[in-house]
Amino acid sequence: MARSFYKLFLALLLLPVLSWAGHQVGGELTMRAVGDVPGHFVVTVTNYFENNNRASITTNASISIYRKRDHVRITSFNANESGQRTAVIYAQSYCATQRNLNFIRATFTADIQLSPAQYTDPDGYYMSYQTRFRNGGIDNITNPDRAGFTFYLEFPPLTTTGKYIHNSSPEFTSLNGEYVCVNKPFTYAFGATDPDGDELRYSMSTPLNQVANNQSTSPGPYPGVSFAAGYSATNAIPGSPALSVDSQTGQLSVTASRVGLYVFAVRVDEYRNGQKIGEVRRDFQLLVVECPDTKAPDPVVQIEGLPVTTTKTTLCPGESANLMATANPNWNYQWQRNGINLNNATSSDLTVTEQGEYTVQVSLKNACTQVGSTQSLTINSLNTTPTLTSTGQLCATYGSATLQVSNVPDVNYQWLRDGQVIPGAADDFLLTTQAGVFQALLTHNILGCQVLSDQIRLLRAPAVLATLKPASGFNRICPIDPLELIADGGISYQWAHNDVPIATQTGTRYTTQSTGTYSLTVIDSNGCTGIATPLSLSAVPPVTPILDNLPPFCGTAAPAQALVGTPAGGVFEGPGTQDGLFTPASAGIGQHMLTYSVRPAPECSAVIARQTVNVYPIPTIDMPAELVTFRGNSMTLQPVITGDPTQFIWSPNTFLTDTQTPAAQIESIQNTITYTLLVTNAGGCTAVASTQIDVVDRLYVPNAFTPNGDNLNDRWNLINLAAYPAIDVTIFNRWGTVIFHAVGPDQEGFDGRLNGADVPGGVYTYVIRLDPRFPPMQGQLMLLR
């Protein structure tokens with residue numbers, strides 16, 4: 001039964017191998033400051049490939065740098081392959097082979113020079129390298145064979161307030177080949193180091209995909225891969241616990257609950273003086289497999305020539321030590337130094353000369369089982385040059401630094417500065433307030449051999465030139481304008497007002513409307529401080545400008561008038577204003593806004609007084625000078641008026657129903673009269689016009705007469721002829737022939753004759769023209785015989 005299960009297990013291991021013939025496994029992007037010239041960097045793309053033909057055709061990387069604030073591309077460059085490709089070493093090579101876990105590490109580098117004067121944006125920059133072809137067998141993302149990679153790195157401005165910021169990105173440690181046994185606790189050293197000693201904070205992150213257009217270099221923001229249902233950045237490998245990263249050390253931990261191939265990403269945020277200045281990401285994948293419950297090998301390790309209970313020793317220069325594990329032909333061996341698998345270290349023994357913590361990972365041959373690990377053996381070697389690290393900073397006039405030598409037990413210490421022994425310095429660390437070249441001499445107190453550490457040069461940072469000045473150039477605050485204060489000289493700023501810290505303000509600019517004394521402490525990129533000369537701000541006295549009212553103007557021909565504003569020295573503006581005058585002809589008809597602006601001080605915004613001035617049109621009245629009407633007639637006198645008048649006065653009021661309307665309503669006029677209209681608009685502009693109305697009696701026109709000689713109604717006589725001095729009377733027969741025509745008020749009426757002969761009886765047409773002011777009268781009369 002056990003043998004059948006084992007065969008089934010091996011068969012299952014082999015099933016997915018072909019589907020995983022992908023390309024990219026993971027990687028990261030780093031940049032290291034060379035240190036010779038500001039802006040000189042070496043950029044490295046570390047790729048982890050599946051070791052196949054597809055990987056061999058990738059020999060360079062196209063990288064672009066973008067500004068974070070608006071994703072504008074600043075520059076692009078190529079990184080070319082550097083060094084030999086190396087295999088990712090697995091402690092259990094048999095299981096790795098069965099699962100086709102054959103990965104290689106390839107690095108592409110570019111030596112670039114960036115201009116510090118160009119990279120000054122306070123939001124910083126990012127660079128990216130984008131590629132394709134994830135492994136098609138990944139279980140926790142959708143469509144993995146169509147998902148891409150974006151290697152991403154953020155870095156701060158190279159220059160802030162005129163000072164160069166020296167910075168290198170965090171660098172991940174090399175990877176061991178690892179797989180995870182389901183339901184077994186698993187840890188993995190996944191951390192990074194920072195060349196500048198900056199604080200690093202780790203978090204799980206969503207692996208980045210390519211942008212949709214699949215260009216080799218495209219600006220962000222970059223999309224994340226699409227996780228399959230139930231997976232996420234913090235649940236990339238399900239388990240109890242799920243895959244997580246220690247925020248301080250970067251160590252991965254998981255007890256996986258499901259077999260599969262899982263992709264994940266770890267983001268490392270870089271902090272300096274409490275502020276984030278950059279980040280890098282590493283994208284990778286781990287395989288979770290079933291591991292038989294076979295007991296892992298449990299070898300014994302020792303240092304040759306020493307008792308098994310002795311787990312550490314010290315080597316003098318030129319010496320070596322042989323490390324031995326229990327030899328068993330059925331076991332695989334993989335030695336590690338400081339947790340990293342060593343290449344070609346697969347025997348049961350290992351000869352070493354370098355200092356470090358050595359362990360050996362042991363597993364069964366020809367079986368995919370858990371790996372057993374031995375206790376560590378500590379080799380302290382004076383073959384290895386001890387390293388010095390420094391913390392702290394020597395500022396221009398103060399400060400200290402602590403030098404620490406890498407730990408080597410059983411040694412005495414001497415410290416040297418500029419080649420001279422520092423008296424009394426005998427610890428593994430040195431606290432100094434002096435600049436110089438420092439080195440430690442280590443003497444083994446039993447073996448007597450000596451070794452010099454590497455050197456560290458400590459330099460005093462240049463003095464921090466802290467400045468604080470008002471943007472206006474004046475140490476005073478305007479009545480209505482906030483004043484911007486500008487700080488310079490560092491990368492972080494501590495502001496105070498009247499000795500009270502302004503807790504929320506750490507940038508280079510502060511805007512205030514409060515008088516008093518402002519102080520500033522500046523911290524530069526070295527952590528050194530400088531204090532600016534305090535700045536005392538007073539208040540500019542306020543002003544209240546007044547612009548005198550102008551009277552309304554009647555028409556554009558009105559004379560110009562002087563403008564008066566207080567206090568003196570201000571500026572008049574508005575339509576029609578020039579040289580302190582308001583000219584209606586320049587302004588034109590209408591309502592105009594005039595202003596008088598006074599600056600409380602030259603740098604202050606003007607305070608403005610406003611007044612409205614009106615240039616009114618001069619009204620006009622258009623009505624006839626003379627009219628004629630019949631006595632007793634009622635009529636409306638409707639003049640055409642312009643100029644927007646608001647008052648109307650007719651005089652006299654005789655026969656008028658209302659004397660204050662635009663149109664005069666005349667009722668039953670009895671005699672000739674002259675009416676006068678006075679109009680006034682809102683500006684007091686007036687116009688006057690008069691109309692004489694001549695009143696006449698009505699003309700009576702008979703409609704028949706009987707010219708038969710009986711002295712009764714023998715003539716067609718018009719009544720009230722005397723009222724019409726210019727009357728003109730014409731009578732026509734039915735053919736249009738004039739049979740009677742008379743002019744004037746003393747005419748005799750028509751007697752029914754034409755040239756002495758009677759005209760026939762019948763109907764005749766008449767036209768009477770009373771006066772040019774009246775329309776002609778037309779009608780018919782009946783001549784009866």
# chains A, B, ... in the order shown; residues from 1 in each chain; ligands from 1
call {"tool": "residues_around", "arguments": {"residues": "A:Gly632", "least_positions_apart": "3", "cutoff": "8 Å", "atoms": "only C-alpha atoms", "output": "list of chain:residue names"}}
result
A:Glu667, A:Ser668, A:Ile669, A:Gln670
call {"tool": "residues_around", "arguments": {"residues": "stretch 173-188 of chain A", "least_positions_apart": "2", "cutoff": "7 Å", "atoms": "only C-alpha atoms", "output": "PyMOL selection string"}}
result
chain A and resi 88-91+171+190-192+251-259+286-291+340-341
call {"tool": "write_last_selection", "arguments": {"atoms": "C-alpha atoms", "output": "CSV table (one decimal), in the first residue's frame"}}
result
chain,number,residue,atom,x,y,z
A,88,VAL,CA,19.6,28.9,-8.2
A,89,ILE,CA,20.7,26.2,-5.8
A,90,TYR,CA,18.2,23.9,-4.1
A,91,ALA,CA,18.9,22.1,-0.9
A,171,GLU,CA,19.5,45.6,-2.2
A,190,PHE,CA,13.8,37.4,1.9
A,191,GLY,CA,15.2,40.6,3.3
A,192,ALA,CA,17.4,43.4,2.0
A,251,GLN,CA,11.6,37.1,6.6
A,252,LEU,CA,8.7,35.2,4.9
A,253,SER,CA,6.6,32.8,6.9
A,254,VAL,CA,3.8,30.4,5.9
A,255,THR,CA,2.2,27.1,6.8
A,256,ALA,CA,0.6,26.4,3.4
A,257,SER,CA,-2.7,24.6,3.3
A,258,ARG,CA,-2.9,23.9,-0.5
A,259,VAL,CA,-0.4,22.6,-3.1
A,286,LEU,CA,7.1,29.5,-4.6
A,287,LEU,CA,6.0,26.0,-5.1
A,288,VAL,CA,4.0,24.2,-2.5
A,289,VAL,CA,4.1,20.3,-2.7
A,290,GLU,CA,3.0,17.3,-0.8
A,291,CYS,CA,5.9,15.9,1.2
A,340,ILE,CA,22.7,31.1,1.6
A,341,ASN,CA,23.3,27.9,-0.3
call {"tool": "residues_around", "arguments": {"residues": "A:Gln118", "least_positions_apart": "5", "cutoff": "10 Å", "atoms": "only C-alpha atoms", "output": "ChimeraX atom specification"}}
result
/A:74,157-159
call {"tool": "write_last_selection", "arguments": {"atoms": "all heavy atoms", "output": "short mmCIF file (atom, residue, chain, number, x, y, z; two decimals), in the first residue's frame"}}
result
data_model
loop_
_atom_site.label_atom_id
_atom_site.label_comp_id
_atom_site.auth_asym_id
_atom_site.auth_seq_id
_atom_site.Cartn_x
_atom_site.Cartn_y
_atom_site.Cartn_z
N ILE A 74 11.50 61.03 -18.16
CA ILE A 74 12.68 61.90 -18.11
C ILE A 74 13.78 61.36 -19.02
O ILE A 74 14.39 62.11 -19.78
CB ILE A 74 13.21 62.02 -16.67
CG1 ILE A 74 12.07 62.46 -15.72
CG2 ILE A 74 14.36 63.01 -16.61
CD1 ILE A 74 11.46 63.80 -16.05
N PRO A 157 14.37 62.99 -4.99
CA PRO A 157 15.10 63.95 -5.83
C PRO A 157 16.58 63.89 -5.51
O PRO A 157 16.98 63.65 -4.36
CB PRO A 157 14.47 65.29 -5.45
CG PRO A 157 13.84 65.07 -4.12
CD PRO A 157 13.38 63.64 -4.12
N LEU A 158 17.40 64.13 -6.51
CA LEU A 158 18.84 64.12 -6.28
C LEU A 158 19.30 65.39 -5.59
O LEU A 158 20.34 65.38 -4.92
CB LEU A 158 19.59 63.95 -7.61
CG LEU A 158 19.25 62.69 -8.42
CD1 LEU A 158 20.16 62.58 -9.63
CD2 LEU A 158 19.37 61.45 -7.56
N THR A 159 18.54 66.46 -5.77
CA THR A 159 18.90 67.74 -5.16
C THR A 159 17.68 68.32 -4.48
O THR A 159 16.60 68.38 -5.09
CB THR A 159 19.45 68.73 -6.20
OG1 THR A 159 20.58 68.15 -6.86
CG2 THR A 159 19.88 70.03 -5.54
#
call {"tool": "select_by_dssp", "arguments": {"residues": "stretch 431-468 of chain A", "states": "strand (DSSP E or B)", "output": "MDAnalysis selection string"}}
result
chainID A and resid 431:432 436:444 450:452 456:458 467:468
call {"tool": "select_by_dssp", "arguments": {"residues": "stretch 88-307 of chain A", "states": "helix (DSSP H, G or I)", "output": "MDAnalysis selection string"}}
result
chainID A and resid 93:98 144:146 233:235
call {"tool": "write_last_selection", "arguments": {"atoms": "N, CA, C and O atoms", "output": "PDB file, in the first residue's frame"}}
result
ATOM      1  N   SER A  93      17.945  18.811  -4.328  1.00  0.00           N
ATOM      2  CA  SER A  93      18.074  18.867  -5.779  1.00  0.00           C
ATOM      3  C   SER A  93      17.170  17.843  -6.471  1.00  0.00           C
ATOM      4  O   SER A  93      16.683  18.085  -7.581  1.00  0.00           O
ATOM      5  N   TYR A  94      16.925  16.683  -5.820  1.00  0.00           N
ATOM      6  CA  TYR A  94      16.101  15.661  -6.457  1.00  0.00           C
ATOM      7  C   TYR A  94      14.674  16.178  -6.663  1.00  0.00           C
ATOM      8  O   TYR A  94      14.113  16.088  -7.748  1.00  0.00           O
ATOM      9  N   CYS A  95      14.094  16.753  -5.607  1.00  0.00           N
ATOM     10  CA  CYS A  95      12.716  17.242  -5.722  1.00  0.00           C
ATOM     11  C   CYS A  95      12.655  18.400  -6.704  1.00  0.00           C
ATOM     12  O   CYS A  95      11.690  18.535  -7.460  1.00  0.00           O
ATOM     13  N   ALA A  96      13.692  19.246  -6.701  1.00  0.00           N
ATOM     14  CA  ALA A  96      13.705  20.361  -7.640  1.00  0.00           C
ATOM     15  C   ALA A  96      13.707  19.845  -9.072  1.00  0.00           C
ATOM     16  O   ALA A  96      13.010  20.367  -9.946  1.00  0.00           O
ATOM     17  N   THR A  97      14.470  18.779  -9.304  1.00  0.00           N
ATOM     18  CA  THR A  97      14.517  18.209 -10.659  1.00  0.00           C
ATOM     19  C   THR A  97      13.179  17.613 -11.040  1.00  0.00           C
ATOM     20  O   THR A  97      12.694  17.781 -12.166  1.00  0.00           O
ATOM     21  N   GLN A  98      12.546  16.908 -10.109  1.00  0.00           N
ATOM     22  CA  GLN A  98      11.258  16.302 -10.396  1.00  0.00           C
ATOM     23  C   GLN A  98      10.199  17.347 -10.740  1.00  0.00           C
ATOM     24  O   GLN A  98       9.324  17.103 -11.562  1.00  0.00           O
ATOM     25  N   PRO A 144      -2.283  33.484 -16.223  1.00  0.00           N
ATOM     26  CA  PRO A 144      -0.894  33.804 -15.890  1.00  0.00           C
ATOM     27  C   PRO A 144       0.012  33.877 -17.116  1.00  0.00           C
ATOM     28  O   PRO A 144       0.959  34.665 -17.129  1.00  0.00           O
ATOM     29  N   ASP A 145      -0.285  33.060 -18.149  1.00  0.00           N
ATOM     30  CA  ASP A 145       0.591  33.078 -19.321  1.00  0.00           C
ATOM     31  C   ASP A 145       0.460  34.378 -20.107  1.00  0.00           C
ATOM     32  O   ASP A 145       1.294  34.685 -20.960  1.00  0.00           O
ATOM     33  N   ARG A 146      -0.596  35.165 -19.824  1.00  0.00           N
ATOM     34  CA  ARG A 146      -0.744  36.459 -20.506  1.00  0.00           C
ATOM     35  C   ARG A 146      -0.429  37.628 -19.575  1.00  0.00           C
ATOM     36  O   ARG A 146      -0.602  38.789 -19.942  1.00  0.00           O
ATOM     37  N   ALA A 233      -2.886  40.000  -2.134  1.00  0.00           N
ATOM     38  CA  ALA A 233      -1.492  40.270  -1.781  1.00  0.00           C
ATOM     39  C   ALA A 233      -1.147  39.686  -0.421  1.00  0.00           C
ATOM     40  O   ALA A 233      -0.027  39.213  -0.196  1.00  0.00           O
ATOM     41  N   THR A 234      -2.100  39.716   0.515  1.00  0.00           N
ATOM     42  CA  THR A 234      -1.848  39.189   1.862  1.00  0.00           C
ATOM     43  C   THR A 234      -2.320  37.750   2.026  1.00  0.00           C
ATOM     44  O   THR A 234      -2.265  37.208   3.126  1.00  0.00           O
ATOM     45  N   ASN A 235      -2.783  37.150   0.947  1.00  0.00           N
ATOM     46  CA  ASN A 235      -3.163  35.739   0.959  1.00  0.00           C
ATOM     47  C   ASN A 235      -2.696  35.093  -0.338  1.00  0.00           C
ATOM     48  O   ASN A 235      -3.421  34.378  -0.999  1.00  0.00           O
TER      49      ASN A 235
END
call {"tool": "residues_around", "arguments": {"residues": "stretch 583-585 of chain A", "least_positions_apart": "5", "cutoff": "9 Å", "atoms": "only C-alpha atoms", "output": "ChimeraX atom specification"}}
result
/A:553-562,575-578,614-615
call {"tool": "write_last_selection", "arguments": {"atoms": "all heavy atoms", "output": "compact mmCIF listing (two decimals), in the first residue's frame"}}
result
# COMPACT_ATOMS: atom_id res chain seq x y z
N PHE A 553 -24.35 112.19 -15.23
CA PHE A 553 -24.03 113.04 -16.38
C PHE A 553 -25.15 112.91 -17.41
O PHE A 553 -25.66 111.81 -17.65
CB PHE A 553 -22.70 112.62 -17.01
CG PHE A 553 -21.52 112.90 -16.11
CD1 PHE A 553 -21.15 111.99 -15.13
CD2 PHE A 553 -20.79 114.06 -16.25
CE1 PHE A 553 -20.06 112.24 -14.31
CE2 PHE A 553 -19.70 114.32 -15.44
CZ PHE A 553 -19.34 113.41 -14.46
N CYS A 554 -25.49 114.07 -18.01
CA CYS A 554 -26.48 114.07 -19.08
C CYS A 554 -25.76 114.11 -20.42
O CYS A 554 -25.21 115.15 -20.83
CB CYS A 554 -27.41 115.28 -18.95
SG CYS A 554 -28.56 115.14 -17.58
N GLY A 555 -25.68 112.94 -21.07
CA GLY A 555 -25.10 112.85 -22.39
C GLY A 555 -23.59 112.82 -22.36
O GLY A 555 -22.93 113.20 -21.37
N THR A 556 -23.01 112.35 -23.45
CA THR A 556 -21.56 112.22 -23.55
C THR A 556 -20.86 113.55 -23.78
O THR A 556 -19.63 113.62 -23.69
CB THR A 556 -21.20 111.25 -24.68
OG1 THR A 556 -21.78 111.72 -25.90
CG2 THR A 556 -21.72 109.85 -24.39
N ALA A 557 -21.62 114.58 -24.08
CA ALA A 557 -21.00 115.89 -24.27
C ALA A 557 -20.80 116.62 -22.96
O ALA A 557 -20.25 117.73 -22.94
CB ALA A 557 -21.86 116.73 -25.22
N ALA A 558 -21.23 116.02 -21.86
CA ALA A 558 -21.05 116.66 -20.56
C ALA A 558 -19.57 116.84 -20.27
O ALA A 558 -18.74 116.02 -20.66
CB ALA A 558 -21.71 115.83 -19.47
N PRO A 559 -19.18 117.88 -19.59
CA PRO A 559 -17.76 118.13 -19.33
C PRO A 559 -17.16 117.09 -18.38
O PRO A 559 -17.84 116.51 -17.55
CB PRO A 559 -17.75 119.53 -18.70
CG PRO A 559 -19.12 119.70 -18.13
CD PRO A 559 -20.04 118.95 -19.05
N ALA A 560 -15.85 116.84 -18.55
CA ALA A 560 -15.14 115.91 -17.66
C ALA A 560 -15.12 116.46 -16.25
O ALA A 560 -15.22 117.67 -16.03
CB ALA A 560 -13.72 115.70 -18.17
N GLN A 561 -14.97 115.54 -15.29
CA GLN A 561 -14.97 115.95 -13.89
C GLN A 561 -13.83 115.24 -13.17
O GLN A 561 -13.52 114.08 -13.43
CB GLN A 561 -16.30 115.61 -13.22
CG GLN A 561 -16.38 116.12 -11.79
CD GLN A 561 -17.81 116.21 -11.30
OE1 GLN A 561 -18.72 116.40 -12.11
NE2 GLN A 561 -18.01 116.10 -10.01
N ALA A 562 -13.19 115.98 -12.27
CA ALA A 562 -12.06 115.42 -11.52
C ALA A 562 -12.54 114.35 -10.55
O ALA A 562 -13.60 114.47 -9.92
CB ALA A 562 -11.35 116.54 -10.77
N PRO A 575 -13.97 102.68 -16.94
CA PRO A 575 -14.24 103.29 -18.24
C PRO A 575 -14.24 104.82 -18.12
O PRO A 575 -14.82 105.38 -17.20
CB PRO A 575 -15.63 102.76 -18.60
CG PRO A 575 -15.78 101.51 -17.79
CD PRO A 575 -15.03 101.75 -16.53
N GLY A 576 -13.58 105.47 -19.05
CA GLY A 576 -13.59 106.92 -19.11
C GLY A 576 -12.64 107.60 -18.16
O GLY A 576 -12.66 108.84 -18.07
N THR A 577 -11.81 106.82 -17.40
CA THR A 577 -10.89 107.45 -16.45
C THR A 577 -9.52 107.59 -17.07
O THR A 577 -8.99 106.66 -17.68
CB THR A 577 -10.79 106.62 -15.17
OG1 THR A 577 -10.33 105.31 -15.48
CG2 THR A 577 -12.12 106.53 -14.47
N GLN A 578 -8.94 108.76 -16.90
CA GLN A 578 -7.57 109.02 -17.35
C GLN A 578 -7.08 110.29 -16.70
O GLN A 578 -7.79 111.31 -16.65
CB GLN A 578 -7.51 109.15 -18.88
CG GLN A 578 -6.09 109.25 -19.41
CD GLN A 578 -6.05 109.25 -20.93
OE1 GLN A 578 -7.09 109.28 -21.58
NE2 GLN A 578 -4.87 109.20 -21.49
N ASN A 614 -23.11 107.16 -13.60
CA ASN A 614 -24.05 106.97 -14.71
C ASN A 614 -23.93 108.11 -15.70
O ASN A 614 -23.93 109.30 -15.32
CB ASN A 614 -25.48 106.91 -14.18
CG ASN A 614 -25.75 105.62 -13.42
OD1 ASN A 614 -25.92 104.56 -14.01
ND2 ASN A 614 -25.77 105.73 -12.10
N VAL A 615 -23.81 107.74 -16.95
CA VAL A 615 -23.91 108.71 -18.05
C VAL A 615 -25.24 108.43 -18.73
O VAL A 615 -25.41 107.39 -19.39
CB VAL A 615 -22.74 108.58 -19.03
CG1 VAL A 615 -22.89 109.59 -20.17
CG2 VAL A 615 -21.41 108.80 -18.30
call {"tool": "residues_around", "arguments": {"residues": "stretch 636-647 of chain A", "least_positions_apart": "3", "cutoff": "7 Å", "atoms": "only C-alpha atoms", "output": "MDAnalysis selection string"}}
result
chainID A and resid 617:623 663:666 679:682
call {"tool": "write_last_selection", "arguments": {"atoms": "C-alpha atoms", "output": "PDB file, in the first residue's frame"}}
result
ATOM      1  CA  PRO A 617     -28.782 109.788 -22.549  1.00  0.00           C
ATOM      2  CA  ILE A 618     -30.414 113.182 -23.193  1.00  0.00           C
ATOM      3  CA  PRO A 619     -34.109 112.518 -23.872  1.00  0.00           C
ATOM      4  CA  THR A 620     -35.726 113.408 -27.214  1.00  0.00           C
ATOM      5  CA  ILE A 621     -39.427 114.018 -28.006  1.00  0.00           C
ATOM      6  CA  ASP A 622     -40.747 113.602 -31.498  1.00  0.00           C
ATOM      7  CA  MET A 623     -44.316 114.946 -32.043  1.00  0.00           C
ATOM      8  CA  ALA A 663     -49.220 109.870 -24.066  1.00  0.00           C
ATOM      9  CA  ALA A 664     -51.741 112.707 -23.557  1.00  0.00           C
ATOM     10  CA  GLN A 665     -55.375 111.615 -23.588  1.00  0.00           C
ATOM     11  CA  ILE A 666     -57.490 114.588 -24.772  1.00  0.00           C
ATOM     12  CA  VAL A 679     -39.770 114.680 -19.778  1.00  0.00           C
ATOM     13  CA  THR A 680     -37.044 113.894 -17.216  1.00  0.00           C
ATOM     14  CA  ASN A 681     -34.982 110.666 -16.849  1.00  0.00           C
ATOM     15  CA  ALA A 682     -33.305 109.192 -13.742  1.00  0.00           C
TER      16      ALA A 682
END
call {"tool": "residues_around", "arguments": {"residues": "A:Pro707", "least_positions_apart": "4", "cutoff": "9 Å", "atoms": "only C-alpha atoms", "output": "CSV table (one decimal) with C-alpha atoms, in the first residue's frame"}}
result
chain,number,residue,atom,x,y,z
A,711,ASN,CA,-86.4,127.7,-54.2
A,712,LEU,CA,-86.3,124.9,-51.7
A,713,ASN,CA,-83.1,122.9,-51.6
A,714,ASP,CA,-82.2,124.0,-55.1
A,715,ARG,CA,-78.4,124.1,-54.3
A,716,TRP,CA,-76.0,121.6,-52.7
A,751,ASP,CA,-76.8,124.1,-58.6
A,752,GLY,CA,-77.1,120.9,-60.7
A,753,ARG,CA,-75.9,122.6,-63.9
A,758,ASP,CA,-78.9,120.8,-66.3
A,783,LEU,CA,-79.5,114.8,-57.4
A,784,LEU,CA,-83.2,114.7,-57.6
A,785,ARG,CA,-85.3,116.4,-60.2
call {"tool": "atom_distance", "arguments": {"atom1": "atom CA of A:Leu403", "atom2": "atom CA of A:Leu458"}}
result
9.7 Å
call {"tool": "closest_residue", "arguments": {"among": "A:Pro170, A:Pro600, A:Gly756, A:Pro238", "to": "A:Pro541", "atoms": "only C-alpha atoms"}}
result
A:Pro600
call {"tool": "residues_around", "arguments": {"residues": "stretch 99-104 of chain A", "least_positions_apart": "4", "cutoff": "6 Å", "atoms": "only C-alpha atoms", "output": "compact mmCIF listing (two decimals) with C-alpha atoms, in the first residue's frame"}}
result
# COMPACT_ATOMS: atom_id res chain seq x y z
CA TYR A 48 15.22 34.92 -12.27
CA PHE A 49 14.45 32.82 -15.34
CA GLU A 50 13.44 29.27 -16.00
CA ASN A 51 16.55 27.76 -17.52
CA THR A 86 24.27 31.33 -12.06
CA ALA A 87 21.97 28.53 -11.05
CA VAL A 88 19.56 28.94 -8.17
call {"tool": "closest_residue", "arguments": {"among": "A:Cys449, A:Val543, A:Met324, A:Leu416", "to": "A:Ser381", "atoms": "only C-alpha atoms"}}
result
A:Cys449
call {"tool": "closest_residue", "arguments": {"among": "A:Glu484, A:Ile531, A:Gln780, A:Gly683", "to": "A:Pro551", "atoms": "only C-alpha atoms"}}
result
A:Gly683
